[in-house]
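Working notes, structure below.
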Amino acid sequence: MARSYVREARKKVAPKKERIRPVIELLAAEHPDATIALRFSNPLELLIAVMLSAQTTDVNVNRVTERLFEKYRRPEDYLAVAPEELERDIFATGFYRQKTKSLRGAMQRILEVHGGEVPTAFDDLLRLPGVARKTANVVSAERGAAQGVVVDTHVRRLSQRLAFTRQEDPVKIERDLMRLVPREDWARFPHLLIWHGRRICDARRPRCEECPLAAELCPSSRV
Ligand code: SF4
């Protein structure tokens, strides 16, 4: 099980409902460039990039998709080659056999059920083979229709450190965040936590002395 940060919180701060807006504002000022790091230029590329990003870094995915998106432009292109060829083309993202199977399944359904277009409805996204809630959340948020709050390792850690949740399970963490975060911020909130987690609130050595939340908003602050 992943390390928990729930018990790190110790400093007395205001209730989370009072802290959420100032936290979002301060993080937005600190990370004005906090957006998705995956590169894509249309919904199909977005979906594929997010599917490939499981268990690897965004930088790695971008390296692979630079060529992939030149070669495969439509859903049918992913089905026109032998699975082994697609496996080779996405090899560097890891778990390439499973990812190939998922990509092919998703493309098949997009062609058969959705006329070759990536569906917009959240439930339709979830019905695509290999598309779990996190992927559907990222895709929906980037298309301007967030249906939930994306929870990755940074979002989990920071939500626990900020005492926005006491849960460990991503689905329960998401539920807590959906109750707390204003709906209009569902899409950008995870990006803010992800960038803050990468730049300042490191898993092992959070740099609280540089953190704009340290003074009054974070119960886990070490300063
Ligand atoms: S860096 Fe420190 S103060 Fe800032 S969010 Fe992380 S634990 Fe809290």
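Please note that chains go A, B, ... in the order of the structure tokens, that every chain numbers its residues from 1, and that ligands are numbered from 1 in the order shown.
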
Mind running chain A against ligand 1 at 7 Å and telling me each contacting residue's nearest atom pair with the distance in Å (one decimal), counting only C-alpha atoms and all ligand atoms, chain and number ascending, as JSON lines?
```
{"residue": "A:Leu158", "atom": "CA", "partner": "ligand 1", "partner_atom_place_in_ligand_line": "5 (S)", "distance": 6.3}
{"residue": "A:Arg161", "atom": "CA", "partner": "ligand 1", "partner_atom_place_in_ligand_line": "7 (S)", "distance": 5.9}
{"residue": "A:Leu162", "atom": "CA", "partner": "ligand 1", "partner_atom_place_in_ligand_line": "8 (Fe)", "distance": 6.2}
{"residue": "A:Ile200", "atom": "CA", "partner": "ligand 1", "partner_atom_place_in_ligand_line": "1 (S)", "distance": 5.5}
{"residue": "A:Cys201", "atom": "CA", "partner": "ligand 1", "partner_atom_place_in_ligand_line": "1 (S)", "distance": 3.9}
{"residue": "A:Pro206", "atom": "CA", "partner": "ligand 1", "partner_atom_place_in_ligand_line": "1 (S)", "distance": 4.5}
{"residue": "A:Arg207", "atom": "CA", "partner": "ligand 1", "partner_atom_place_in_ligand_line": "1 (S)", "distance": 4.8}
{"residue": "A:Cys208", "atom": "CA", "partner": "ligand 1", "partner_atom_place_in_ligand_line": "2 (Fe)", "distance": 3.6}
{"residue": "A:Cys211", "atom": "CA", "partner": "ligand 1", "partner_atom_place_in_ligand_line": "4 (Fe)", "distance": 4.6}
{"residue": "A:Pro212", "atom": "CA", "partner": "ligand 1", "partner_atom_place_in_ligand_line": "4 (Fe)", "distance": 6.8}
{"residue": "A:Leu213", "atom": "CA", "partner": "ligand 1", "partner_atom_place_in_ligand_line": "4 (Fe)", "distance": 5.2}
{"residue": "A:Ala214", "atom": "CA", "partner": "ligand 1", "partner_atom_place_in_ligand_line": "3 (S)", "distance": 3.7}
{"residue": "A:Cys218", "atom": "CA", "partner": "ligand 1", "partner_atom_place_in_ligand_line": "8 (Fe)", "distance": 4.6}
{"residue": "A:Pro219", "atom": "CA", "partner": "ligand 1", "partner_atom_place_in_ligand_line": "8 (Fe)", "distance": 6.7}
{"residue": "A:Ser220", "atom": "CA", "partner": "ligand 1", "partner_atom_place_in_ligand_line": "7 (S)", "distance": 4.8}
{"residue": "A:Ser221", "atom": "CA", "partner": "ligand 1", "partner_atom_place_in_ligand_line": "3 (S)", "distance": 3.8}
{"residue": "A:Arg222", "atom": "CA", "partner": "ligand 1", "partner_atom_place_in_ligand_line": "2 (Fe)", "distance": 6.1}
```

Task: Distance query Arg175 (chain A) at most 12 Å, only C-alpha atoms, self and fewer than 2 positions along chain excluded, as a count of residues only - done: 22

- [ ] Show which residues sit within 8 Å of Ser102 (chain A), as a PyMOL selection string. Count only C-alpha atoms, and ignore same-chain residues fewer than 2 positions away.
- [x] chain A and resi 98-100+104-106+129-131

Open item on the list: Please report the interatomic distance between CA of Glu45 (chain A) and CA of Phe69 (chain A) in Å with one decimal.
Closed with: 7.1 Å

TODO: Rank nothing, just name the residue among A:His31, A:Arg97, A:Lys71, A:Arg156 nearest to Arg199 (chain A), using only C-alpha atoms.
DONE: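 The shortest atom-to-atom distance to Arg199 (chain A) comes from A:His31.
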
For Pro22 (chain A), please output as an mmCIF file with N, CA, C and O atoms, in the first residue's frame all residues within 12 Å (counting only C-alpha atoms; exclusion window: fewer than 2 positions along the same chain).
```
data_model
loop_
_atom_site.group_PDB
_atom_site.id
_atom_site.type_symbol
_atom_site.label_atom_id
_atom_site.label_comp_id
_atom_site.auth_asym_id
_atom_site.auth_seq_id
_atom_site.Cartn_x
_atom_site.Cartn_y
_atom_site.Cartn_z
ATOM 1 N N ALA A 14 -7.545 26.680 10.201
ATOM 2 C CA ALA A 14 -9.000 26.840 10.078
ATOM 3 C C ALA A 14 -9.613 25.583 9.447
ATOM 4 O O ALA A 14 -8.908 24.775 8.828
ATOM 5 N N LYS A 16 -11.383 23.063 6.835
ATOM 6 C CA LYS A 16 -11.026 22.970 5.411
ATOM 7 C C LYS A 16 -11.943 23.803 4.508
ATOM 8 O O LYS A 16 -11.495 24.338 3.493
ATOM 9 N N LYS A 17 -13.190 23.935 4.876
ATOM 10 C CA LYS A 17 -14.129 24.711 4.041
ATOM 11 C C LYS A 17 -13.711 26.177 3.944
ATOM 12 O O LYS A 17 -13.969 26.842 2.949
ATOM 13 N N GLU A 18 -13.075 26.666 5.001
ATOM 14 C CA GLU A 18 -12.598 28.056 4.983
ATOM 15 C C GLU A 18 -11.263 28.181 4.269
ATOM 16 O O GLU A 18 -10.902 29.256 3.790
ATOM 17 N N ARG A 19 -10.511 27.091 4.211
ATOM 18 C CA ARG A 19 -9.170 27.177 3.625
ATOM 19 C C ARG A 19 -9.157 26.922 2.118
ATOM 20 O O ARG A 19 -8.217 27.321 1.436
ATOM 21 N N ILE A 20 -10.182 26.218 1.602
ATOM 22 C CA ILE A 20 -10.072 25.735 0.226
ATOM 23 C C ILE A 20 -9.867 26.867 -0.790
ATOM 24 O O ILE A 20 -8.996 26.782 -1.658
ATOM 25 N N ILE A 24 -6.572 27.501 -3.191
ATOM 26 C CA ILE A 24 -6.627 27.498 -4.659
ATOM 27 C C ILE A 24 -6.034 28.797 -5.207
ATOM 28 O O ILE A 24 -5.219 28.778 -6.137
ATOM 29 N N GLU A 25 -6.390 29.917 -4.594
ATOM 30 C CA GLU A 25 -5.884 31.203 -5.104
ATOM 31 C C GLU A 25 -4.370 31.311 -4.981
ATOM 32 O O GLU A 25 -3.690 31.740 -5.910
ATOM 33 N N LEU A 26 -3.846 30.918 -3.833
ATOM 34 C CA LEU A 26 -2.390 31.021 -3.639
ATOM 35 C C LEU A 26 -1.636 30.065 -4.572
ATOM 36 O O LEU A 26 -0.596 30.421 -5.126
ATOM 37 N N LEU A 27 -2.181 28.865 -4.742
ATOM 38 C CA LEU A 27 -1.504 27.917 -5.643
ATOM 39 C C LEU A 27 -1.586 28.397 -7.096
ATOM 40 O O LEU A 27 -0.638 28.239 -7.867
ATOM 41 N N ALA A 28 -2.710 28.995 -7.460
ATOM 42 C CA ALA A 28 -2.851 29.499 -8.832
ATOM 43 C C ALA A 28 -1.855 30.635 -9.080
ATOM 44 O O ALA A 28 -1.287 30.756 -10.170
ATOM 45 N N ALA A 29 -1.623 31.476 -8.050
ATOM 46 C CA ALA A 29 -0.648 32.562 -8.198
ATOM 47 C C ALA A 29 0.767 31.997 -8.257
ATOM 48 O O ALA A 29 1.618 32.483 -9.014
ATOM 49 N N VAL A 181 -14.172 21.107 -3.133
ATOM 50 C CA VAL A 181 -13.668 22.037 -4.158
ATOM 51 C C VAL A 181 -14.847 22.585 -4.974
ATOM 52 O O VAL A 181 -15.691 21.811 -5.429
ATOM 53 N N PRO A 212 3.801 28.932 -0.025
ATOM 54 C CA PRO A 212 2.886 30.017 0.349
ATOM 55 C C PRO A 212 1.750 29.560 1.279
ATOM 56 O O PRO A 212 1.046 30.385 1.836
ATOM 57 N N LEU A 213 1.590 28.244 1.440
ATOM 58 C CA LEU A 213 0.508 27.743 2.301
ATOM 59 C C LEU A 213 0.988 27.512 3.736
ATOM 60 O O LEU A 213 0.179 27.246 4.633
ATOM 61 N N GLU A 216 -0.431 29.762 7.305
ATOM 62 C CA GLU A 216 -1.759 29.638 7.950
ATOM 63 C C GLU A 216 -2.643 28.548 7.386
ATOM 64 O O GLU A 216 -3.699 28.260 7.953
ATOM 65 N N LEU A 217 -2.253 27.967 6.233
ATOM 66 C CA LEU A 217 -3.232 27.124 5.548
ATOM 67 C C LEU A 217 -2.915 25.621 5.573
ATOM 68 O O LEU A 217 -3.784 24.817 5.259
ATOM 69 N N CYS A 218 -1.684 25.283 5.937
ATOM 70 C CA CYS A 218 -1.331 23.856 5.891
ATOM 71 C C CYS A 218 -1.054 23.305 7.282
ATOM 72 O O CYS A 218 -0.101 23.709 7.941
#
```

Open item on the list: Which residues are near Ile48 (chain A)? Cut-off 12 Å, only C-alpha atoms, ignore same chain within fewer than 2 positions. Put them as an NGL selection string.
Closed with: :A and (38-46 or 50-54 or 61-62 or 64-65 or 68-69 or 72-75 or 78 or 90 or 93 or 99-100 or 102-107 or 118 or 128 or 130-131 or 135-136 or 138-139)

- [ ] Assign secondary structure with DSSP using the backbone only, and return the residues of region 5-220 of chain A in helix (DSSP H, G or I) as JSON, numbers by chain.
- [x] {"A": [6, 7, 8, 16, 17, 18, 19, 20, 21, 22, 23, 24, 25, 26, 27, 28, 29, 30, 43, 44, 45, 46, 47, 48, 49, 50, 51, 52, 58, 59, 60, 61, 62, 63, 64, 65, 66, 67, 68, 69, 70, 71, 75, 76, 77, 78, 79, 80, 83, 84, 85, 86, 87, 88, 89, 90, 91, 92, 93, 96, 97, 98, 99, 100, 101, 102, 103, 104, 105, 106, 107, 108, 109, 110, 111, 112, 113, 114, 122, 123, 124, 125, 126, 133, 134, 135, 136, 137, 138, 139, 140, 141, 142, 153, 154, 155, 156, 157, 158, 159, 160, 161, 170, 171, 172, 173, 174, 175, 176, 177, 178, 179, 180, 183, 184, 185, 188, 189, 190, 191, 192, 193, 194, 195, 196, 197, 198, 199, 208, 209, 210]}

TODO: For CA of Pro190 (chain A) and CA of Asn137 (chain A), quote the distance in Å rounded to one decimal.
DONE: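 Between CA of Pro190 (chain A) and CA of Asn137 (chain A) the gap is 10.7 Å.
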
Task: Selection near Trp195 (chain A), 12 Å with only C-alpha atoms, sequence-local residues under 2 positions removed, as a VMD selection string - done: chain A and resid 27 to 28 30 to 37 152 to 155 158 188 to 193 197 to 202

Would you save the residues of that selection, restricted to N, CA and C atoms, as a CSV table (one decimal), in the first residue's frame?
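As written to disk, out_33.csv reads:
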```csv
chain,number,residue,atom,x,y,z
A,27,LEU,N,-2.2,28.9,-4.7
A,27,LEU,CA,-1.5,27.9,-5.6
A,27,LEU,C,-1.6,28.4,-7.1
A,28,ALA,N,-2.7,29.0,-7.5
A,28,ALA,CA,-2.9,29.5,-8.8
A,28,ALA,C,-1.9,30.6,-9.1
A,30,GLU,N,1.0,30.9,-7.5
A,30,GLU,CA,2.3,30.3,-7.4
A,30,GLU,C,2.7,29.6,-8.7
A,31,HIS,N,1.6,28.9,-9.3
A,31,HIS,CA,1.9,28.1,-10.5
A,31,HIS,C,0.9,28.5,-11.6
A,32,PRO,N,1.1,29.7,-12.2
A,32,PRO,CA,0.2,30.1,-13.2
A,32,PRO,C,0.3,29.2,-14.5
A,33,ASP,N,1.3,28.5,-14.6
A,33,ASP,CA,1.5,27.6,-15.8
A,33,ASP,C,1.0,26.2,-15.5
A,34,ALA,N,0.3,26.0,-14.4
A,34,ALA,CA,-0.1,24.6,-14.1
A,34,ALA,C,-1.2,24.1,-15.0
A,35,THR,N,-0.8,23.4,-16.0
A,35,THR,CA,-1.8,22.7,-16.9
A,35,THR,C,-1.3,21.3,-17.2
A,36,ILE,N,-2.1,20.6,-18.0
A,36,ILE,CA,-1.7,19.3,-18.3
A,36,ILE,C,-0.4,19.3,-19.1
A,37,ALA,N,0.5,18.3,-18.7
A,37,ALA,CA,1.8,18.3,-19.3
A,37,ALA,C,1.9,17.4,-20.6
A,152,ASP,N,-4.3,11.7,-8.5
A,152,ASP,CA,-3.1,10.9,-8.8
A,152,ASP,C,-2.2,10.9,-7.5
A,153,THR,N,-1.0,10.4,-7.6
A,153,THR,CA,-0.2,10.3,-6.4
A,153,THR,C,0.1,11.7,-5.7
A,154,HIS,N,0.2,12.8,-6.5
A,154,HIS,CA,0.5,14.1,-5.9
A,154,HIS,C,-0.8,14.6,-5.3
A,155,VAL,N,-1.9,14.4,-6.0
A,155,VAL,CA,-3.2,14.9,-5.4
A,155,VAL,C,-3.5,14.2,-4.1
A,158,LEU,N,-1.0,15.6,-1.3
A,158,LEU,CA,-1.3,17.0,-0.9
A,158,LEU,C,-2.6,17.1,-0.2
A,188,ARG,N,-9.0,22.5,-12.8
A,188,ARG,CA,-7.6,23.0,-12.5
A,188,ARG,C,-7.0,22.6,-11.2
A,189,PHE,N,-7.9,22.3,-10.2
A,189,PHE,CA,-7.4,21.9,-8.9
A,189,PHE,C,-6.3,20.8,-8.9
A,190,PRO,N,-6.6,19.7,-9.6
A,190,PRO,CA,-5.5,18.7,-9.6
A,190,PRO,C,-4.2,19.2,-10.2
A,191,HIS,N,-4.3,20.0,-11.3
A,191,HIS,CA,-3.1,20.5,-11.9
A,191,HIS,C,-2.3,21.3,-10.9
A,192,LEU,N,-3.0,22.1,-10.1
A,192,LEU,CA,-2.4,23.0,-9.1
A,192,LEU,C,-1.6,22.1,-8.0
A,193,LEU,N,-2.3,21.0,-7.6
A,193,LEU,CA,-1.7,20.2,-6.6
A,193,LEU,C,-0.5,19.4,-7.2
A,197,GLY,N,3.1,19.8,-5.9
A,197,GLY,CA,3.8,18.5,-5.4
A,197,GLY,C,5.1,18.3,-6.1
A,198,ARG,N,5.2,18.6,-7.4
A,198,ARG,CA,6.4,18.4,-8.1
A,198,ARG,C,7.5,19.4,-7.7
A,199,ARG,N,7.1,20.7,-7.5
A,199,ARG,CA,8.0,21.8,-7.3
A,199,ARG,C,8.4,22.0,-5.8
A,200,ILE,N,7.4,21.9,-5.0
A,200,ILE,CA,7.6,22.3,-3.6
A,200,ILE,C,7.3,21.3,-2.5
A,201,CYS,N,6.1,20.7,-2.7
A,201,CYS,CA,5.7,19.7,-1.6
A,201,CYS,C,6.1,18.3,-1.9
A,202,ASP,N,7.4,18.1,-1.9
A,202,ASP,CA,8.0,16.8,-2.3
A,202,ASP,C,7.5,15.7,-1.2
```

TODO: Rank nothing, just name the residue among A:Glu174, A:Ile194, A:Glu210, A:Gln108 nearest to Asp77 (chain A), using only C-alpha atoms.
DONE: A:Gln108

- [ ] Would you mind reading off the distance between CA of Glu117 (chain A) and CA of Glu66 (chain A), one decimal, in Å?
- [x]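 Taking CA of Glu117 (chain A) as the start and CA of Glu66 (chain A) as the end point, the length is 21.1 Å.
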